[in-house]
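The file structure-v4.pdb contains PDB, C-alpha atoms:
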ATOM      1  CA  MET A  10     120.044  84.937 137.514
ATOM      2  CA  THR A  11     122.008  86.301 140.489
ATOM      3  CA  ALA A  12     122.418  84.301 143.686
ATOM      4  CA  GLU A  13     120.121  86.791 145.447
ATOM      5  CA  SER A  14     117.430  86.445 142.783
ATOM      6  CA  ARG A  15     117.662  82.677 142.864
ATOM      7  CA  MET A  16     117.292  82.617 146.637
ATOM      8  CA  THR A  17     114.266  84.907 146.372
ATOM      9  CA  ALA A  18     112.625  82.717 143.732
ATOM     10  CA  GLU A  19     113.330  79.537 145.663
ATOM     11  CA  SER A  20     112.009  81.043 148.904
ATOM     12  CA  HIS A  21     108.672  81.719 147.187
ATOM     13  CA  ILE A  22     108.529  78.205 145.788
ATOM     14  CA  ASP A  23     109.581  76.624 149.058
ATOM     15  CA  THR A  24     106.559  78.068 150.896
ATOM     16  CA  GLN A  25     104.152  75.987 148.824
ATOM     17  CA  TRP A  26     103.852  72.909 150.967
ATOM     18  CA  PRO A  27     100.972  70.593 150.043
ATOM     19  CA  ARG A  28      99.126  71.574 153.196
ATOM     20  CA  SER A  29      99.657  73.776 156.217
ATOM     21  CA  VAL A  30     100.764  72.399 159.539
ATOM     22  CA  ARG A  31      97.741  71.310 161.543
ATOM     23  CA  PRO A  32      97.161  69.977 165.048
ATOM     24  CA  TYR A  33      97.255  66.216 165.167
ATOM     25  CA  ASP A  34      93.823  64.565 165.221
ATOM     26  CA  ARG A  35      94.062  60.824 165.939
ATOM     27  CA  SER A  36      90.610  60.160 164.497
ATOM     28  CA  ARG A  37      91.309  62.108 161.322
ATOM     29  CA  THR A  38      93.771  59.865 159.516
ATOM     30  CA  THR A  39      94.685  56.251 158.997
ATOM     31  CA  MET A  40      98.243  54.958 159.200
ATOM     32  CA  LEU A  41      98.410  54.942 155.400
ATOM     33  CA  GLU A  42      97.307  58.583 155.213
ATOM     34  CA  ARG A  43      99.900  59.571 157.809
ATOM     35  CA  GLY A  44     102.596  57.775 155.831
ATOM     36  CA  VAL A  45     101.595  59.687 152.709
ATOM     37  CA  GLU A  46     101.744  62.939 154.678
ATOM     38  CA  VAL A  47     105.335  62.131 155.653
ATOM     39  CA  LEU A  48     106.217  61.591 151.991
ATOM     40  CA  GLN A  49     104.395  64.762 150.902
ATOM     41  CA  ALA A  50     106.408  66.767 153.431
ATOM     42  CA  PHE A  51     109.325  66.595 150.979
ATOM     43  CA  ARG A  52     107.432  68.778 148.494
ATOM     44  CA  PRO A  53     108.302  70.912 146.684
ATOM     45  CA  MET A  54     112.103  70.815 146.703
ATOM     46  CA  GLY A  55     112.948  67.317 147.980
ATOM     47  CA  GLY A  56     116.353  67.232 149.619
ATOM     48  CA  THR A  57     117.108  65.957 153.122
ATOM     49  CA  LEU A  58     114.761  66.677 156.037
ATOM     50  CA  THR A  59     115.480  66.202 159.724
ATOM     51  CA  LEU A  60     113.008  64.416 161.945
ATOM     52  CA  THR A  61     112.131  67.785 163.485
ATOM     53  CA  ALA A  62     111.348  69.247 160.038
ATOM     54  CA  LEU A  63     109.101  66.283 159.230
ATOM     55  CA  VAL A  64     107.230  66.793 162.491
ATOM     56  CA  GLU A  65     106.758  70.507 161.750
ATOM     57  CA  ARG A  66     105.559  69.922 158.185
ATOM     58  CA  THR A  67     103.125  67.098 158.997
ATOM     59  CA  GLY A  68     101.826  68.235 162.379
ATOM     60  CA  LEU A  69     102.126  64.642 163.615
ATOM     61  CA  PRO A  70     103.676  63.588 166.948
ATOM     62  CA  LYS A  71     107.421  63.014 166.868
ATOM     63  CA  ALA A  72     107.125  59.356 167.878
ATOM     64  CA  THR A  73     104.595  58.730 165.091
ATOM     65  CA  VAL A  74     106.767  60.420 162.479
ATOM     66  CA  HIS A  75     109.845  58.469 163.582
ATOM     67  CA  ARG A  76     107.969  55.152 163.438
ATOM     68  CA  LEU A  77     106.549  55.944 159.982
ATOM     69  CA  ALA A  78     109.895  57.167 158.658
ATOM     70  CA  GLU A  79     111.641  53.976 159.742
ATOM     71  CA  LEU A  80     108.872  51.885 158.170
ATOM     72  CA  LEU A  81     109.252  53.840 154.908
ATOM     73  CA  VAL A  82     113.016  53.279 155.026
ATOM     74  CA  ASN A  83     112.406  49.534 155.249
ATOM     75  CA  MET A  84     110.143  49.824 152.198
ATOM     76  CA  ARG A  85     112.850  51.805 150.302
ATOM     77  CA  MET A  86     110.536  54.798 149.973
ATOM     78  CA  LEU A  87     112.837  56.809 152.219
ATOM     79  CA  GLU A  88     116.577  56.626 152.787
ATOM     80  CA  ARG A  89     118.517  57.582 155.902
ATOM     81  CA  ALA A  90     120.914  60.458 155.408
ATOM     82  CA  GLN A  91     123.543  61.864 157.750
ATOM     83  CA  THR A  92     121.227  64.628 158.930
ATOM     84  CA  GLY A  93     117.819  63.021 158.467
ATOM     85  CA  TYR A  94     115.810  61.383 155.678
ATOM     86  CA  ARG A  95     115.517  61.745 151.910
ATOM     87  CA  LEU A  96     113.237  60.189 149.295
ATOM     88  CA  GLY A  97     114.175  56.655 148.249
ATOM     89  CA  LEU A  98     114.672  54.911 144.935
ATOM     90  CA  GLU A  99     111.421  52.958 145.239
ATOM     91  CA  LEU A 100     109.483  56.202 144.727
ATOM     92  CA  PHE A 101     111.581  57.044 141.680
ATOM     93  CA  GLU A 102     110.963  53.613 140.172
ATOM     94  CA  LEU A 103     107.214  53.867 140.797
ATOM     95  CA  GLY A 104     107.096  57.417 139.459
ATOM     96  CA  GLU A 105     108.601  56.323 136.170
ATOM     97  CA  LEU A 106     105.630  53.966 135.711
ATOM     98  CA  VAL A 107     102.932  56.660 136.011
ATOM     99  CA  PRO A 108     101.049  56.396 132.678
ATOM    100  CA  ALA A 109     100.332  60.129 132.284
ATOM    101  CA  LYS A 110     104.025  60.947 132.623
ATOM    102  CA  ASN A 111     105.491  57.926 130.873
ATOM    103  CA  LYS A 112     103.318  57.967 127.734
ATOM    104  CA  LEU A 113     103.420  61.728 127.374
ATOM    105  CA  ARG A 114     107.211  61.837 127.701
ATOM    106  CA  GLU A 115     107.550  59.076 125.114
ATOM    107  CA  TYR A 116     105.746  61.192 122.531
ATOM    108  CA  ALA A 117     106.978  64.599 123.677
ATOM    109  CA  LEU A 118     110.741  64.130 124.008
ATOM    110  CA  PRO A 119     111.533  64.114 120.249
ATOM    111  CA  PHE A 120     109.497  67.313 119.851
ATOM    112  CA  MET A 121     111.223  68.878 122.873
ATOM    113  CA  GLN A 122     114.601  68.006 121.382
ATOM    114  CA  ASP A 123     113.573  69.666 118.118
ATOM    115  CA  LEU A 124     112.523  72.771 120.046
ATOM    116  CA  TYR A 125     115.824  72.800 121.901
ATOM    117  CA  GLU A 126     117.790  72.599 118.637
ATOM    118  CA  MET A 127     115.822  75.585 117.342
ATOM    119  CA  THR A 128     116.474  77.744 120.415
ATOM    120  CA  HIS A 129     119.254  76.253 122.598
ATOM    121  CA  GLU A 130     117.246  77.484 125.588
ATOM    122  CA  THR A 131     115.614  75.563 128.478
ATOM    123  CA  ILE A 132     112.550  73.597 127.342
ATOM    124  CA  HIS A 133     109.704  72.550 129.644
ATOM    125  CA  LEU A 134     106.850  70.091 129.231
ATOM    126  CA  ALA A 135     104.064  70.601 131.765
ATOM    127  CA  ILE A 136     100.644  69.192 132.573
ATOM    128  CA  ARG A 137      97.788  70.570 134.686
ATOM    129  CA  ASP A 138      96.881  69.092 138.053
ATOM    130  CA  ASN A 139      93.828  70.888 139.436
ATOM    131  CA  LEU A 140      94.942  74.533 139.817
ATOM    132  CA  ASP A 141      98.667  73.866 139.497
ATOM    133  CA  VAL A 142     101.221  73.158 136.798
ATOM    134  CA  VAL A 143     103.307  69.990 137.199
ATOM    135  CA  TYR A 144     106.540  69.804 135.222
ATOM    136  CA  ALA A 145     106.714  66.450 133.429
ATOM    137  CA  GLU A 146     110.030  66.920 131.607
ATOM    138  CA  LYS A 147     112.814  69.473 131.213
ATOM    139  CA  ILE A 148     115.744  69.956 128.845
ATOM    140  CA  ARG A 149     118.288  72.381 130.257
ATOM    141  CA  GLY A 150     119.664  75.066 127.984
ATOM    142  CA  HIS A 151     123.291  76.132 127.860
ATOM    143  CA  ALA A 152     122.750  79.883 127.724
ATOM    144  CA  GLY A 153     123.480  80.485 131.407
ATOM    145  CA  VAL A 154     119.982  81.133 132.760
ATOM    146  CA  ASP A 155     119.236  79.260 135.976
ATOM    147  CA  VAL A 156     115.577  78.173 135.844
ATOM    148  CA  PRO A 157     114.551  77.018 139.377
ATOM    149  CA  THR A 158     112.221  74.253 138.199
ATOM    150  CA  ARG A 159     112.429  70.482 138.446
ATOM    151  CA  VAL A 160     110.631  67.502 136.989
ATOM    152  CA  GLY A 161     107.742  66.728 139.333
ATOM    153  CA  GLY A 162     107.687  70.258 140.731
ATOM    154  CA  ARG A 163     104.533  72.332 140.723
ATOM    155  CA  LEU A 164     103.673  76.031 140.463
ATOM    156  CA  PRO A 165     100.407  77.990 140.139
ATOM    157  CA  LEU A 166      98.688  78.052 136.761
ATOM    158  CA  SER A 167      98.364  81.826 136.971
ATOM    159  CA  SER A 168     102.090  82.595 137.398
ATOM    160  CA  THR A 169     103.650  80.510 134.634
ATOM    161  CA  ALA A 170     103.558  80.666 130.847
ATOM    162  CA  VAL A 171     102.804  76.942 130.589
ATOM    163  CA  GLY A 172     100.039  77.314 133.163
ATOM    164  CA  LYS A 173      98.369  80.233 131.426
ATOM    165  CA  ALA A 174      98.729  78.479 128.063
ATOM    166  CA  MET A 175      96.697  75.518 129.369
ATOM    167  CA  LEU A 176      94.283  77.565 131.482
ATOM    168  CA  ALA A 177      93.233  79.602 128.435
ATOM    169  CA  TYR A 178      91.712  76.471 126.893
ATOM    170  CA  CYS A 179      90.139  75.090 130.070
ATOM    171  CA  SER A 180      86.423  75.151 130.742
ATOM    172  CA  PRO A 181      84.805  78.361 132.061
ATOM    173  CA  GLU A 182      84.297  76.511 135.361
ATOM    174  CA  VAL A 183      88.045  75.923 135.810
ATOM    175  CA  ILE A 184      88.887  79.517 134.865
ATOM    176  CA  SER A 185      86.257  80.754 137.305
ATOM    177  CA  GLU A 186      87.692  78.559 140.067
ATOM    178  CA  VAL A 187      91.164  80.024 139.497
ATOM    179  CA  THR A 188      90.051  83.655 139.284
ATOM    180  CA  SER A 189      87.635  83.454 142.205
ATOM    181  CA  ARG A 190      90.480  82.658 144.606
ATOM    182  CA  PRO A 191      93.396  84.879 145.654
ATOM    183  CA  LEU A 192      96.082  84.483 142.992
ATOM    184  CA  ARG A 193      99.345  83.299 144.510
ATOM    185  CA  ARG A 194     102.261  85.709 144.231
ATOM    186  CA  LEU A 195     105.643  84.097 143.505
ATOM    187  CA  THR A 196     107.486  87.305 142.613
ATOM    188  CA  ALA A 197     106.681  90.997 142.471
ATOM    189  CA  HIS A 198     105.746  90.469 138.817
ATOM    190  CA  SER A 199     103.170  87.713 139.397
ATOM    191  CA  ILE A 200      99.610  88.443 138.257
ATOM    192  CA  VAL A 201      97.338  88.963 141.259
ATOM    193  CA  ASP A 202      94.474  90.783 139.534
ATOM    194  CA  PRO A 203      91.838  88.318 138.220
ATOM    195  CA  ALA A 204      90.664  90.812 135.586
ATOM    196  CA  ALA A 205      94.209  91.147 134.223
ATOM    197  CA  LEU A 206      94.540  87.364 134.101
ATOM    198  CA  LYS A 207      91.236  86.977 132.214
ATOM    199  CA  LYS A 208      92.405  89.585 129.690
ATOM    200  CA  GLN A 209      95.636  87.653 129.149
ATOM    201  CA  LEU A 210      93.747  84.386 128.700
ATOM    202  CA  ALA A 211      91.589  85.944 126.003
ATOM    203  CA  GLY A 212      94.730  87.053 124.185
ATOM    204  CA  ILE A 213      96.255  83.594 124.498
ATOM    205  CA  ARG A 214      93.196  82.012 122.877
ATOM    206  CA  LYS A 215      93.646  84.365 119.905
ATOM    207  CA  SER A 216      97.408  83.981 119.427
ATOM    208  CA  GLY A 217      98.005  80.499 120.848
ATOM    209  CA  LEU A 218     100.924  81.928 122.852
ATOM    210  CA  ALA A 219     101.395  82.681 126.549
ATOM    211  CA  TYR A 220     104.143  84.776 128.097
ATOM    212  CA  ASP A 221     105.692  84.968 131.560
ATOM    213  CA  GLU A 222     108.045  87.840 132.380
ATOM    214  CA  GLU A 223     109.599  87.031 135.764
ATOM    215  CA  GLU A 224     106.199  85.978 137.112
ATOM    216  CA  GLY A 225     107.381  82.534 138.256
ATOM    217  CA  ALA A 226     111.055  83.251 138.955
ATOM    218  CA  LEU A 227     113.137  86.409 138.976
ATOM    219  CA  GLY A 228     115.430  86.780 135.987
ATOM    220  CA  VAL A 229     113.521  84.245 133.889
ATOM    221  CA  SER A 230     111.047  84.849 131.065
ATOM    222  CA  CYS A 231     109.117  82.221 129.097
ATOM    223  CA  VAL A 232     106.963  81.803 126.029
ATOM    224  CA  ALA A 233     104.630  78.780 125.932
ATOM    225  CA  SER A 234     101.909  77.160 123.883
ATOM    226  CA  ALA A 235      99.275  74.591 124.807
ATOM    227  CA  VAL A 236      99.361  71.069 123.389
ATOM    228  CA  LEU A 237      95.762  70.515 122.347
ATOM    229  CA  VAL A 238      94.256  67.046 121.870
ATOM    230  CA  ASN A 239      90.751  67.174 120.415
ATOM    231  CA  GLY A 240      90.600  70.799 121.485
ATOM    232  CA  GLN A 241      91.511  70.082 125.114
ATOM    233  CA  PRO A 242      94.808  71.164 126.776
ATOM    234  CA  ALA A 243      96.688  67.908 127.381
ATOM    235  CA  ALA A 244      99.977  69.674 128.165
ATOM    236  CA  ALA A 245     102.037  72.744 127.318
ATOM    237  CA  LEU A 246     105.543  73.375 125.985
ATOM    238  CA  SER A 247     107.675  76.397 126.819
ATOM    239  CA  VAL A 248     110.996  78.034 126.021
ATOM    240  CA  SER A 249     112.630  79.746 129.034
ATOM    241  CA  PHE A 250     115.390  82.331 128.731
ATOM    242  CA  ALA A 251     117.128  85.052 130.728
ATOM    243  CA  THR A 252     115.030  88.208 131.016
ATOM    244  CA  CYS A 253     118.078  90.306 130.164
ATOM    245  CA  ARG A 254     118.012  88.791 126.653
ATOM    246  CA  THR A 255     115.271  89.689 124.217
ATOM    247  CA  ALA A 256     113.399  86.640 122.934
ATOM    248  CA  THR A 257     113.416  86.542 119.165
ATOM    249  CA  PRO A 258     110.082  86.114 117.344
ATOM    250  CA  ALA A 259     111.545  82.783 116.263
ATOM    251  CA  TYR A 260     111.073  81.480 119.836
ATOM    252  CA  ALA A 261     107.335  82.122 119.718
ATOM    253  CA  HIS A 262     107.035  80.673 116.218
ATOM    254  CA  ALA A 263     109.042  77.588 117.212
ATOM    255  CA  VAL A 264     107.130  76.776 120.397
ATOM    256  CA  ARG A 265     103.799  77.288 118.628
ATOM    257  CA  ALA A 266     104.745  75.062 115.682
ATOM    258  CA  VAL A 267     106.164  72.278 117.857
ATOM    259  CA  SER A 268     103.169  72.331 120.235
ATOM    260  CA  LEU A 269     100.786  72.003 117.295
ATOM    261  CA  ALA A 270     102.822  69.106 115.899
ATOM    262  CA  LEU A 271     102.884  67.297 119.262
ATOM    263  CA  GLY A 272      99.142  67.846 119.632
ATOM    264  CA  ARG A 273      98.523  66.248 116.237
ATOM    265  CA  ALA A 274     100.717  63.263 117.135
ATOM    266  CA  LEU A 275      98.906  62.718 120.445
ATOM    267  CA  THR A 276      95.502  63.064 118.769
ATOM    268  CA  GLN A 277      96.436  60.445 116.167
ATOM    269  CA  ALA A 278      97.788  58.126 118.861
ATOM    270  CA  ARG A 279      94.592  58.425 120.885
ATOM    271  CA  SER A 280      92.379  57.633 117.901
ATOM    272  CA  ALA A 281      94.522  54.736 116.685
TER     273      ALA A 281
END

Here is the file; what I need is its structure written in the form of C-alpha cells.
Amino acid sequence: MTAESRMTAESHIDTQWPRSVRPYDRSRTTMLERGVEVLQAFRPMGGTLTLTALVERTGLPKATVHRLAELLVNMRMLERAQTGYRLGLELFELGELVPAKNKLREYALPFMQDLYEMTHETIHLAIRDNLDVVYAEKIRGHAGVDVPTRVGGRLPLSSTAVGKAMLAYCSPEVISEVTSRPLRRLTAHSIVDPAALKKQLAGIRKSGLAYDEEEGALGVSCVASAVLVNGQPAAALSVSFATCRTATPAYAHAVRAVSLALGRALTQARSA
C-alpha cells in the first residue's frame, strides 16, 4: 500500500469516533459516564491526544476534561505524555481479562498460526459487536502489505470480509437492521447498496466464504469465513493480502478449513 493510500484508509477509519461531539448537558451524565467518554475519545486509533482534542471529542468543558484526565492518570488509566495524554497500562491489564477476548484467543491462536503457515499473509480474528466488527487478534504477514487494522479496533460489518462472513449467518433482524441504515463508506469500493449487500450475503451462506476487495482499506483484499458454534457466528477468520497479488484458491480453502476446525473446537469446549 502506498503512503497516499494508507493515509486515505486511515482518514476514513479515523472519522469513526464512538459518538459525535455534542453540547454539554450537566444533567445528562454522571461523573463516571463523563470519565468513560474521556477514555472513549481515544477511539479508534489511540495515540496521544491534547487536552484540546479531548474537549473537542467529548463536548465537555475544558475544566471538566482536565479534572477527569488527571483523576484517570492517578488511576493509571491514562498516562501523561509530552503533548497530552495517552491510554495507560491499567486499561491494557483489564482488557486482557475480558472473557470474550481471553477465552477466544486461547482457542483461536493455534488455528491462526496454522493459517499463517499455510499462507504467510496477515491473519485476523474478529468478533461482532452490534453492527461493527471488533478485531480480537492479528498475526502480521511478511509479504509487504500494510493492513491498517489493530487489535481492539472496529470497522463496519458491511465493509469487511470478516464482517460480512459473520453477518451472513446472523438473524434476519440483524441483517435488516444493517441494511435499513445508510451503509458506511470507508473507500470508493465499499458496498453502499443494501440490495448488493444482501446478494453477497446469500452467496456467502452458500459458499461459506466472504470477500473484501479494497472495501475496508485501499490496496488490501481479504477472504474470510465465519467461525460457527452451534450454527451461530461466534467469530470470523480472514487472510489479508495486497490487492496487486492474486489470491490463490488455496487461501479460500485454507481459511474455510481452519474456521470449520476452530468452530468444532469451540463447540466441543462449550458442551464439555

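We find atom CA of Val236 of chain A and atom CA of Ser180 of chain A to be spaced 15.4 Å apart.
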
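Between Ala90 of chain A and the residues A:Thr158, A:Asn239, A:Thr169, A:Thr59, the shortest atom-to-atom distance, using all atoms listed in the file, involves A:Thr59.
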
**Asked** Of the candidates A:Leu271, A:Ala72, A:Met84, A:Val156, which shows the shortest atom-to-atom distance to Gly228 of chain A, using all atoms listed in the file?
**Response** A:Val156

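If you look at atom CA of Val160 of chain A and atom CA of Arg52 of chain A, they are 12.0 Å away from each other.
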
**Request:** Please measure the separation of atom CA of Thr196 of chain A and atom CA of Pro157 of chain A, giving the value in Å to one decimal.
**Result:** 12.9 Å

**Request:** For the file shown, report as an MDAnalysis selection string the outcome of the PyMOL selection byres ((chain A and resi 203-219) around 12) at residue level.
**Result:** chainID A and resid 166:181 184:193 199:202 220:222 230:237 240 242 245:249 258 260:269

**Prompt:** Of the candidates A:Asn83, A:Thr67, A:Thr276, A:Thr73, which shows the shortest atom-to-atom distance to Met40 of chain A, using only C-alpha atoms?
**Reply:** A:Thr73

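Residue nearest His198 of chain A, chosen from A:Leu140, A:Ala226, A:Gly55, A:Glu130 and counting only C-alpha atoms: A:Ala226.
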
**Request:** Write out as an NGL selection string the residues lying within 10 Å of Tyr116 of chain A, counting all atoms listed in the file and excluding same-chain residues fewer than 4 positions away.
**Result:** :A and (111-112 or 120-121 or 271-272 or 274-275 or 278)

Translate the PyMOL selection byres ((chain A and resi 146) around 8) into a concrete residue list for this structure, as a short mmCIF file (atom, residue, chain, number, x, y, z; two decimals) with C-alpha atoms, in the frame of the given file.
data_model
loop_
_atom_site.label_atom_id
_atom_site.label_comp_id
_atom_site.auth_asym_id
_atom_site.auth_seq_id
_atom_site.Cartn_x
_atom_site.Cartn_y
_atom_site.Cartn_z
CA ARG A 114 107.21 61.84 127.70
CA HIS A 133 109.70 72.55 129.64
CA LEU A 134 106.85 70.09 129.23
CA ALA A 135 104.06 70.60 131.76
CA TYR A 144 106.54 69.80 135.22
CA ALA A 145 106.71 66.45 133.43
CA LYS A 147 112.81 69.47 131.21
CA ILE A 148 115.74 69.96 128.84
CA VAL A 160 110.63 67.50 136.99
#

Write segment 138-165 of chain A as a PDB file, in the coordinates of the input, completed to N, CA and C atoms.
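So the final result, stored in result.pdb, reads:
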ATOM      1  N   ASP A 138      97.449  69.888 136.981  1.00  0.00           N
ATOM      2  CA  ASP A 138      96.881  69.092 138.053  1.00  0.00           C
ATOM      3  C   ASP A 138      96.058  70.025 138.924  1.00  0.00           C
ATOM      4  N   ASN A 139      94.745  69.987 138.733  1.00  0.00           N
ATOM      5  CA  ASN A 139      93.828  70.888 139.436  1.00  0.00           C
ATOM      6  C   ASN A 139      94.193  72.333 139.102  1.00  0.00           C
ATOM      7  N   LEU A 140      94.638  73.130 140.067  1.00  0.00           N
ATOM      8  CA  LEU A 140      94.942  74.533 139.817  1.00  0.00           C
ATOM      9  C   LEU A 140      96.436  74.800 139.733  1.00  0.00           C
ATOM     10  N   ASP A 141      97.212  73.750 139.569  1.00  0.00           N
ATOM     11  CA  ASP A 141      98.667  73.866 139.497  1.00  0.00           C
ATOM     12  C   ASP A 141      99.212  73.322 138.192  1.00  0.00           C
ATOM     13  N   VAL A 142     100.416  73.731 137.868  1.00  0.00           N
ATOM     14  CA  VAL A 142     101.221  73.158 136.798  1.00  0.00           C
ATOM     15  C   VAL A 142     102.162  72.136 137.423  1.00  0.00           C
ATOM     16  N   VAL A 143     102.308  70.971 136.794  1.00  0.00           N
ATOM     17  CA  VAL A 143     103.307  69.990 137.199  1.00  0.00           C
ATOM     18  C   VAL A 143     104.264  69.794 136.027  1.00  0.00           C
ATOM     19  N   TYR A 144     105.539  69.949 136.285  1.00  0.00           N
ATOM     20  CA  TYR A 144     106.540  69.804 135.222  1.00  0.00           C
ATOM     21  C   TYR A 144     106.831  68.332 134.986  1.00  0.00           C
ATOM     22  N   ALA A 145     106.553  67.867 133.764  1.00  0.00           N
ATOM     23  CA  ALA A 145     106.714  66.450 133.429  1.00  0.00           C
ATOM     24  C   ALA A 145     108.077  66.146 132.829  1.00  0.00           C
ATOM     25  N   GLU A 146     108.705  67.135 132.193  1.00  0.00           N
ATOM     26  CA  GLU A 146     110.030  66.920 131.607  1.00  0.00           C
ATOM     27  C   GLU A 146     110.708  68.266 131.407  1.00  0.00           C
ATOM     28  N   LYS A 147     112.035  68.243 131.352  1.00  0.00           N
ATOM     29  CA  LYS A 147     112.814  69.473 131.213  1.00  0.00           C
ATOM     30  C   LYS A 147     114.105  69.175 130.481  1.00  0.00           C
ATOM     31  N   ILE A 148     114.442  70.003 129.510  1.00  0.00           N
ATOM     32  CA  ILE A 148     115.744  69.956 128.845  1.00  0.00           C
ATOM     33  C   ILE A 148     116.446  71.260 129.174  1.00  0.00           C
ATOM     34  N   ARG A 149     117.577  71.184 129.830  1.00  0.00           N
ATOM     35  CA  ARG A 149     118.288  72.381 130.257  1.00  0.00           C
ATOM     36  C   ARG A 149     119.029  73.018 129.089  1.00  0.00           C
ATOM     37  N   GLY A 150     118.928  74.337 128.995  1.00  0.00           N
ATOM     38  CA  GLY A 150     119.664  75.066 127.984  1.00  0.00           C
ATOM     39  C   GLY A 150     121.083  75.336 128.445  1.00  0.00           C
ATOM     40  N   HIS A 151     121.891  75.854 127.551  1.00  0.00           N
ATOM     41  CA  HIS A 151     123.291  76.132 127.860  1.00  0.00           C
ATOM     42  C   HIS A 151     123.596  77.616 127.776  1.00  0.00           C
ATOM     43  N   ALA A 152     122.555  78.446 127.889  1.00  0.00           N
ATOM     44  CA  ALA A 152     122.750  79.883 127.724  1.00  0.00           C
ATOM     45  C   ALA A 152     123.026  80.606 129.038  1.00  0.00           C
ATOM     46  N   GLY A 153     123.097  79.873 130.143  1.00  0.00           N
ATOM     47  CA  GLY A 153     123.480  80.485 131.407  1.00  0.00           C
ATOM     48  C   GLY A 153     122.336  80.842 132.335  1.00  0.00           C
ATOM     49  N   VAL A 154     121.097  80.792 131.884  1.00  0.00           N
ATOM     50  CA  VAL A 154     119.982  81.133 132.760  1.00  0.00           C
ATOM     51  C   VAL A 154     119.690  79.973 133.692  1.00  0.00           C
ATOM     52  N   ASP A 155     119.518  80.277 134.968  1.00  0.00           N
ATOM     53  CA  ASP A 155     119.236  79.260 135.976  1.00  0.00           C
ATOM     54  C   ASP A 155     117.737  79.254 136.236  1.00  0.00           C
ATOM     55  N   VAL A 156     117.026  78.266 135.682  1.00  0.00           N
ATOM     56  CA  VAL A 156     115.577  78.173 135.844  1.00  0.00           C
ATOM     57  C   VAL A 156     115.288  77.272 137.046  1.00  0.00           C
ATOM     58  N   PRO A 157     114.739  77.807 138.153  1.00  0.00           N
ATOM     59  CA  PRO A 157     114.551  77.018 139.377  1.00  0.00           C
ATOM     60  C   PRO A 157     113.321  76.126 139.310  1.00  0.00           C
ATOM     61  N   THR A 158     113.306  75.208 138.338  1.00  0.00           N
ATOM     62  CA  THR A 158     112.221  74.253 138.199  1.00  0.00           C
ATOM     63  C   THR A 158     112.816  72.860 138.207  1.00  0.00           C
ATOM     64  N   ARG A 159     111.963  71.868 138.464  1.00  0.00           N
ATOM     65  CA  ARG A 159     112.429  70.482 138.446  1.00  0.00           C
ATOM     66  C   ARG A 159     111.285  69.605 137.976  1.00  0.00           C
ATOM     67  N   VAL A 160     111.635  68.468 137.403  1.00  0.00           N
ATOM     68  CA  VAL A 160     110.631  67.502 136.989  1.00  0.00           C
ATOM     69  C   VAL A 160     109.879  67.021 138.233  1.00  0.00           C
ATOM     70  N   GLY A 161     108.564  67.084 138.170  1.00  0.00           N
ATOM     71  CA  GLY A 161     107.742  66.728 139.333  1.00  0.00           C
ATOM     72  C   GLY A 161     107.378  67.912 140.195  1.00  0.00           C
ATOM     73  N   GLY A 162     108.013  69.059 139.967  1.00  0.00           N
ATOM     74  CA  GLY A 162     107.687  70.258 140.731  1.00  0.00           C
ATOM     75  C   GLY A 162     106.395  70.884 140.244  1.00  0.00           C
ATOM     76  N   ARG A 163     105.797  71.706 141.086  1.00  0.00           N
ATOM     77  CA  ARG A 163     104.533  72.332 140.723  1.00  0.00           C
ATOM     78  C   ARG A 163     104.547  73.815 141.074  1.00  0.00           C
ATOM     79  N   LEU A 164     103.827  74.589 140.265  1.00  0.00           N
ATOM     80  CA  LEU A 164     103.673  76.031 140.463  1.00  0.00           C
ATOM     81  C   LEU A 164     102.242  76.402 140.091  1.00  0.00           C
ATOM     82  N   PRO A 165     101.784  77.592 140.469  1.00  0.00           N
ATOM     83  CA  PRO A 165     100.407  77.990 140.139  1.00  0.00           C
ATOM     84  C   PRO A 165     100.209  78.161 138.635  1.00  0.00           C
TER      85      PRO A 165
END
